[in-house]
Amino acid sequence: MKRNTVKHRLDGLAALLLFAVFAVCILMVLLTGADAYRNLTQRDDTAHEERTCVQYITQRVRQADASGSIAVEDFGGADCLVLGLGEEYMTRIYCWDGSLMELYSAPEDGLNPEDGEPILALESMTISGSEREITIDVTDSQGQSQRVYLALRGGERWSR
């Protein structure tokens, strides 16, 4: 009878040990999956931030691309993309105080750079170009730089 009791205890111990190994394996798989998910999410967030800024500026330029409606000015010491030139209201896009800013106003309103609406976090933006092309260099809040070249289809005027 003693032999059966010892055998049942060993069987129970083996089952418990097997369950513990199984639980540890499940925990390791879950932790590995959570780590992979976190890394993918961070990568996607970084890529989204990089693409969104450039896509936003590109789309705004394409919307305003008409003859004589796009210019670059100095606005409070920052390069400023001016869209809708010659109209009653214009849009200024510029980098100010760590943000990509947009300011929609009449030209004679006398507003300052800090009066604009922050769009995205952005470290710096420089704009250069010619009558038919604009080059925009942006550096995001994480130090990643991107350069975009925009060909102006309708733009005949470039001012600085």
# chains A, B, ... in the order shown; residues from 1 in each chain; ligands from 1
call {"tool": "residues_around", "arguments": {"residues": "stretch 124-134 of chain A", "least_positions_apart": "4", "cutoff": "8 Å", "atoms": "only C-alpha atoms", "output": "ChimeraX atom specification"}}
result
/A:72,79-81,94-96,98,138-140,149-153,155-158
call {"tool": "select_by_dssp", "arguments": {"residues": "chain A", "states": "strand (DSSP E)", "output": "count of residues only"}}
result
54
call {"tool": "residues_around", "arguments": {"residues": "A:Gln142", "least_positions_apart": "5", "cutoff": "10 Å", "atoms": "only C-alpha atoms", "output": "PyMOL selection string"}}
result
chain A and resi 46+49-50+121-123
call {"tool": "atom_distance", "arguments": {"atom1": "atom CA of A:Ser67", "atom2": "atom CA of A:Val82"}}
result
13.2 Å
call {"tool": "atom_distance", "arguments": {"atom1": "atom CA of A:Gln63", "atom2": "atom CA of A:Leu83"}}
result
9.0 Å
call {"tool": "residues_around", "arguments": {"residues": "A:Ala106", "least_positions_apart": "3", "cutoff": "7 Å", "atoms": "only C-alpha atoms", "output": "JSON, numbers by chain"}}
result
{"A": [88, 89, 90, 109]}
call {"tool": "write_last_selection", "arguments": {"atoms": "all heavy atoms", "output": "mmCIF file, in the first residue's frame"}}
result
data_model
loop_
_atom_site.group_PDB
_atom_site.id
_atom_site.type_symbol
_atom_site.label_atom_id
_atom_site.label_comp_id
_atom_site.auth_asym_id
_atom_site.auth_seq_id
_atom_site.Cartn_x
_atom_site.Cartn_y
_atom_site.Cartn_z
ATOM 1 N N GLU A 88 -7.510 87.477 -50.583
ATOM 2 C CA GLU A 88 -7.931 88.224 -49.405
ATOM 3 C C GLU A 88 -7.313 87.651 -48.129
ATOM 4 O O GLU A 88 -6.960 88.374 -47.213
ATOM 5 C CB GLU A 88 -9.453 88.199 -49.311
ATOM 6 C CG GLU A 88 -10.002 89.125 -48.273
ATOM 7 C CD GLU A 88 -11.514 89.195 -48.313
ATOM 8 O OE1 GLU A 88 -12.112 88.834 -49.329
ATOM 9 O OE2 GLU A 88 -12.087 89.609 -47.294
ATOM 10 N N TYR A 89 -7.199 86.316 -48.074
ATOM 11 C CA TYR A 89 -6.576 85.651 -46.943
ATOM 12 C C TYR A 89 -5.473 84.738 -47.445
ATOM 13 O O TYR A 89 -5.546 84.224 -48.552
ATOM 14 C CB TYR A 89 -7.598 84.821 -46.159
ATOM 15 C CG TYR A 89 -8.610 85.670 -45.445
ATOM 16 C CD1 TYR A 89 -9.843 85.940 -46.025
ATOM 17 C CD2 TYR A 89 -8.333 86.206 -44.201
ATOM 18 C CE1 TYR A 89 -10.771 86.728 -45.377
ATOM 19 C CE2 TYR A 89 -9.255 86.991 -43.541
ATOM 20 C CZ TYR A 89 -10.472 87.249 -44.134
ATOM 21 O OH TYR A 89 -11.382 88.029 -43.487
ATOM 22 N N MET A 90 -4.464 84.540 -46.606
ATOM 23 C CA MET A 90 -3.362 83.657 -46.987
ATOM 24 C C MET A 90 -3.041 82.730 -45.811
ATOM 25 O O MET A 90 -3.409 82.986 -44.673
ATOM 26 C CB MET A 90 -2.135 84.457 -47.387
ATOM 27 C CG MET A 90 -1.540 85.268 -46.295
ATOM 28 S SD MET A 90 -0.153 86.207 -46.932
ATOM 29 C CE MET A 90 0.329 87.090 -45.483
ATOM 30 N N ASP A 109 -3.013 91.792 -41.221
ATOM 31 C CA ASP A 109 -3.419 91.600 -39.822
ATOM 32 C C ASP A 109 -2.306 91.871 -38.818
ATOM 33 O O ASP A 109 -2.582 92.144 -37.657
ATOM 34 C CB ASP A 109 -3.960 90.186 -39.604
ATOM 35 C CG ASP A 109 -5.407 90.065 -40.016
ATOM 36 O OD1 ASP A 109 -6.041 91.101 -40.295
ATOM 37 O OD2 ASP A 109 -5.905 88.930 -40.071
#
call {"tool": "closest_residue", "arguments": {"among": "A:Ile93, A:Leu85, A:Ala23, A:Ala14", "to": "A:Ala71", "atoms": "only C-alpha atoms"}}
result
A:Leu85
